[in-house]
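The next block holds one structure in the form of structure tokens; read it before the comments.
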Amino acid sequence: MNEFTVGREPIQLVEIYQPSCSLTYGVGACTAVLGVTNNHKCFNTSKTCQDKPNYTPDNSIVWRFTKPMAHRPLDIFEDVNGTLKSTPIPSLLSVSTNPTKINVGGGNTSQSPFGTRASVNISLTDHQYDDSIGDLYLSERTYKAFNQGTFWGKWLARNPYYDGYKCIVYDGYIGQTLAEMVKRTYLITAIDFNGSLGTVRIVAKDPLDLADDDKAQAPLAAELSLKTAIDAVQTTGISLLGDVLEVSKQLGNTGTTRYIRMSDEILSYTGYTESPVGDMLLSGVVRGVLNTIADEQDIEESAQRCIRYNSMPVYDIAYDLLINHTDVPSAYIPYAKWEAEGSVYLTPFTLSATITEPMGVNELLGELTEQCLFYIWWDERTEEILLEAIRPTTVPVVALDDTYNILAGSFSVKVEPKERISRCVVYHGMKDPTEKIDEVGNYGLVRVHVNTDAEGIIQYNNIVTRTIHSRWLSTKAQATQLAVRLVARYGATPRKLKLKMDAKDRNTWLSHIASIEHASMQDEQGENLVERWQVISASEVVHGETVEYEFQSYEFGASQRFAYIMANNAPDFSTDYYASIGVGMWYADASGEMPNGSDGFLLQ
């Protein structure tokens with residue numbers, strides 16, 4: 001049974017992954033001993049551990065929950081590689097999701113350039129439980145577990161540090177295996193237990209929630225201070241008081257050369273000597289670097305480590321921010337895919353920048369996605385944080401229409417006049433990284449691109465300006481590409497489209513491109529239009545039955561021709577044209593035509 005089966009029976013399964021210590025109480029590396037304070041053995045969780053220095057959460061327990069139903073599939077007990085999986089507990093009441101909403105290139109100014117995070121709300125009932133899973137020492141207890149406490153009361157007492165536990169929601173049909181079901185992964189952020197009502201509400205979000213500004217900053221605030229006052233030329237005898245890790249850690253890609261800000265000055269150093277503990281004598285010091293001016297610094301002047309990126313590809317900067325400045329698990333970021341995408345489509349954006357004070361990682365990533373024309377999102381189905389440049393699609397475009405796909409009464413189109421722009425102003429080439437980012441005088445270059453047609457009487461007859469102050473962009477080529485692409489993308493009033501489809505079409509998902517035809521989209525003569533749209537949000541609003549989508553207009557139309565600029569030894573148009581269609585491009589003659597009379601390629 002699957003999405004295409006007549007009479008299909010939907011089923012949901014929720015899994016919660018609870019870390020569990022792999023050690024045995026009082027055996028081997030575990031040195032816990034029963035005594036006056038430890039009058040019962042642990043439950044192999046961090047809260048109940050009695051030998052915390054040796055706590056080893058190598059194992060996990062997977063708790064499974066389903067709705068009460070006549071058929072209870074997956075009624076199995078597994079012990080695979082130290083992972084215990086419970087028999088599905090029929091206590092699930094409901095699952096509701098708020099989908100990821102991607103903000104392609106930060107074009108929607110009404111939301112974060114980083115988009116909207118996905119979340120799920122799960123409701124369950126509480127119940128008695130015999131602790132047959134989760135208590136390795138059940139037979140040694142002096143009480144009968146089923147008669148003492150409830151499942152969630154005991155679970156929360158044993159696992160109060162659940163923040164970040166993995167939670168998986170499976171959507172499928174009776175008869176399917178887990179591998180055949182749609183799988184969505186989140187991380188738990190809150191569990192509300194209402195003991196009087198006997199209910200539990202679990203809130204879980206996608207891993208990019210860990211990059212939000214209130215949870216991740218780059219660089220972190222450092223408690224460092226100058227041991228003694230220094231003059232404006234001193235490079236030796238400079239000591240900092242504080243945590244040695246703040247001085248030793250690498251920030252950015254400058255190797256052993258590291259940077260510290262004091263007041264409005266940045267100094268660099270290449271080494272340090274700690275003696276005594278917490279007293280770091282810097283070596284290899286250079287004063288007034290990165291366009292700042294060396295100045296006298298008072299005793300106990302606060303010092304802040306800086307992040308310095310020097311000629312670094314933008315996708316590597318984004319990767320560094322997530323890996324080294326958030327708690328996002330590295331396993332969720334497929335760097336090979338990021339590199340494959342970035343090394344082809346983001347090559348103009350090799351950047352140099354300095355972050356001199358703590359900033360939210362989400363804010364920094366938002367700047368990068370907006371200014372370097374790409375976007376990042378969490379794919380809960382594949383458990384991956386994906387990165388993609390704003391570019392023509394290289395995969396087949398799915399065709400959708402109101403005959404075979406779009407559910408009746410669900411189709412609507414909305415214009416977004418607040419997102420339209422007619423001119424883009426990009427200030428770039430930042431002079432002093434310690435100054436405010438929106439200080440116009442702190443930039444050496446400005447690029448202005450105007451859509452004169454949009455500002456004239458033939459079209460909108462008004463001026464709408466997007467102004468960007470960029471700490472990242474340093475060349476005219478980078479600023480020009482940003483300004484031209486933004487004006488081209490948002491010169492006409494952007495449109496959003498909402499529709500619903502049956503679950504049989506749910507393989508269409510976030511970032512996919514669709515060619516959509518609907519009777520309500522017409523040209524000047526009343527003929528149906530077929531236009532390309534990009535999925536920016538998708539949510540299964542009726543489990544196993546209905547999926548709701550939001551699309552935005554796609555700037556790379558079906559009538560445009562896109563291809564790569566080829567190497568010098570590539571085949572001539574006349575000798576190998578058809579074998580290379582969709583891969584390479586050739587210059588047209590003065591008339592704009594190819595030798596066979598077709599239109600020339602568009603160079604963007």
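Identifiers in this document derive from the order of the structure tokens: chains are assigned A, B, ..., residues are numbered from 1 separately in each chain, and ligands are numbered from 1 in order of occurrence.
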(request) Do a neighbour search on Val285 of chain A at 6 Å with only C-alpha atoms, toss out local chain neighbours closer than 3 positions, and write the hits as a PyMOL selection string. (result) chain A and resi 235+268-269
(request) Taking the DSSP assignment computed from this structure's backbone, write out as a ChimeraX atom specification all residues of segment 211-348 of chain A that belong to strand (DSSP E). (result) /A:217-218,224-226,239-241,258-262,265-269,271-274,279-283,302-313
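The gap separating atom CA of Ala204 of chain A from atom CA of Val535 of chain A is 22.9 Å, in Å to one decimal.
Taking only C-alpha atoms into account, Thr116 of chain A lies nearest to A:Asn362 out of the set A:Asn39, A:Thr356, A:Gln371, A:Asn362.
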(message) Considering only C-alpha atoms, can you say which of A:Trp472, A:Ile457, A:Gly526, A:Phe551 comes closest to Pro494 of chain A?
(response) A:Phe551
(message) Ranking A:Ala145, A:Ala211, A:Val104, A:Leu124 by minimum distance to Leu364 of chain A and counting only C-alpha atoms, which one comes first?
(response)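 Among the listed residues, A:Ala211 lies closest to Leu364 of chain A.
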(request) Excluding Thr270 of chain A and residues on its chain fewer than 2 positions from it, collect all residues at most 7 Å away from it, counting only C-alpha atoms, and give them as a PyMOL selection string. (result) chain A and resi 256-258+283-285
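Minimum distance to Glu357 of chain A across A:Tyr443, A:Tyr259, A:Tyr25, A:Tyr427 (counting only C-alpha atoms) occurs at A:Tyr259.
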(message) Env of Val530 of chain A: 9 Å cut, atoms = only C-alpha atoms, seq-sep filter 6 positions within chain, self excluded. Answer as a VMD selection string.
(response) chain A and resid 515 to 518 521 to 522
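Residues of segment 413-508 of chain A assigned to alpha helix (DSSP H) by DSSP on this structure's backbone: Thr452, Asp453, Ala454, Glu455, Lys476, Ala477, Gln478, Ala479, Thr480, Gln481, Leu482, Ala483, Val484, Arg485, Leu486, Val487, Ala488, Arg489 and Tyr490 of chain A.
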Okay, now the selection with C-alpha atoms, as a PDB file, in the first residue's frame?
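Wrote result_34.pdb, looks like this:
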```
ATOM      1  CA  THR A 452      14.468  52.580 -15.859  1.00  0.00           C
ATOM      2  CA  ASP A 453      11.444  50.903 -17.453  1.00  0.00           C
ATOM      3  CA  ALA A 454       9.967  50.071 -14.032  1.00  0.00           C
ATOM      4  CA  GLU A 455      10.442  53.662 -12.884  1.00  0.00           C
ATOM      5  CA  LYS A 476      32.723  46.013  -8.347  1.00  0.00           C
ATOM      6  CA  ALA A 477      32.042  42.702 -10.103  1.00  0.00           C
ATOM      7  CA  GLN A 478      30.497  41.207  -6.960  1.00  0.00           C
ATOM      8  CA  ALA A 479      28.373  44.273  -6.233  1.00  0.00           C
ATOM      9  CA  THR A 480      27.278  44.532  -9.867  1.00  0.00           C
ATOM     10  CA  GLN A 481      26.154  40.914  -9.992  1.00  0.00           C
ATOM     11  CA  LEU A 482      24.147  41.377  -6.795  1.00  0.00           C
ATOM     12  CA  ALA A 483      22.497  44.635  -7.867  1.00  0.00           C
ATOM     13  CA  VAL A 484      21.671  43.489 -11.402  1.00  0.00           C
ATOM     14  CA  ARG A 485      20.280  40.126 -10.296  1.00  0.00           C
ATOM     15  CA  LEU A 486      18.115  41.606  -7.521  1.00  0.00           C
ATOM     16  CA  VAL A 487      16.613  44.220  -9.828  1.00  0.00           C
ATOM     17  CA  ALA A 488      16.017  41.614 -12.532  1.00  0.00           C
ATOM     18  CA  ARG A 489      14.364  39.249 -10.041  1.00  0.00           C
ATOM     19  CA  TYR A 490      12.198  41.800  -8.232  1.00  0.00           C
TER      20      TYR A 490
END
```
(message) Residues within 6 Å of segment 294-307 of chain A, please, as an NGL selection string. Count only C-alpha atoms; anything in the same chain fewer than 3 positions from it doesn't count.
(response) :A and (222 or 224-232 or 251-252 or 259-262 or 265 or 287-288 or 354-356)
(request) Extract, using only C-alpha atoms, all DNA, RNA and protein residues at most 10 Å from Ile89 of chain A, discarding same-chain residues fewer than 5 positions from it, and format them as a list of chain:residue names. (result)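 Residues near the query, excluding close chain neighbours: A:Leu13, A:Val14, A:Trp63, A:Arg64, A:Phe65, A:Thr66, A:Lys67, A:Pro68, A:Arg72, A:Asp75, A:His127.
Checking A:Arg141, A:Lys166, A:Arg466, A:Arg8 one by one against Ser60 of chain A, counting only C-alpha atoms, you find the shortest gap at A:Lys166.
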(message) Just the number, please: distance in Å from atom CA of Cys424 of chain A to atom CA of Glu388 of chain A, one decimal.
(response) 22.8 Å
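Among A:Leu373, A:Leu473, A:Ala216, A:Val277, the residue with the shortest atom-to-atom distance to Asn324 of chain A, counting only C-alpha atoms, is A:Ala216.
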(request) Do a neighbour search on Lys337 of chain A at 8 Å with only C-alpha atoms, toss out local chain neighbours closer than 4 positions, and write the hits as a PyMOL selection string. (result) chain A and resi 341+386-387
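Distance-wise, atom CA of Ile536 of chain A and atom CA of Val397 of chain A end up 15.2 Å apart.
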Could you list, with a cut-off of 12 Å and counting only C-alpha atoms, the residues of segment 353-404 of chain A near segment 408-420 of chain A, each shown with its nearest atom pair and the distance in Å rounded to one decimal, rows sorted by chain and ascending number, as JSON lines?
```
{"residue": "A:Leu400", "atom": "CA", "partner": "A:Phe411", "partner_atom": "CA", "distance": 12.0}
{"residue": "A:Asp401", "atom": "CA", "partner": "A:Phe411", "partner_atom": "CA", "distance": 10.5}
{"residue": "A:Asp402", "atom": "CA", "partner": "A:Ala408", "partner_atom": "CA", "distance": 7.3}
{"residue": "A:Thr403", "atom": "CA", "partner": "A:Ala408", "partner_atom": "CA", "distance": 9.1}
{"residue": "A:Tyr404", "atom": "CA", "partner": "A:Ala408", "partner_atom": "CA", "distance": 10.4}
```
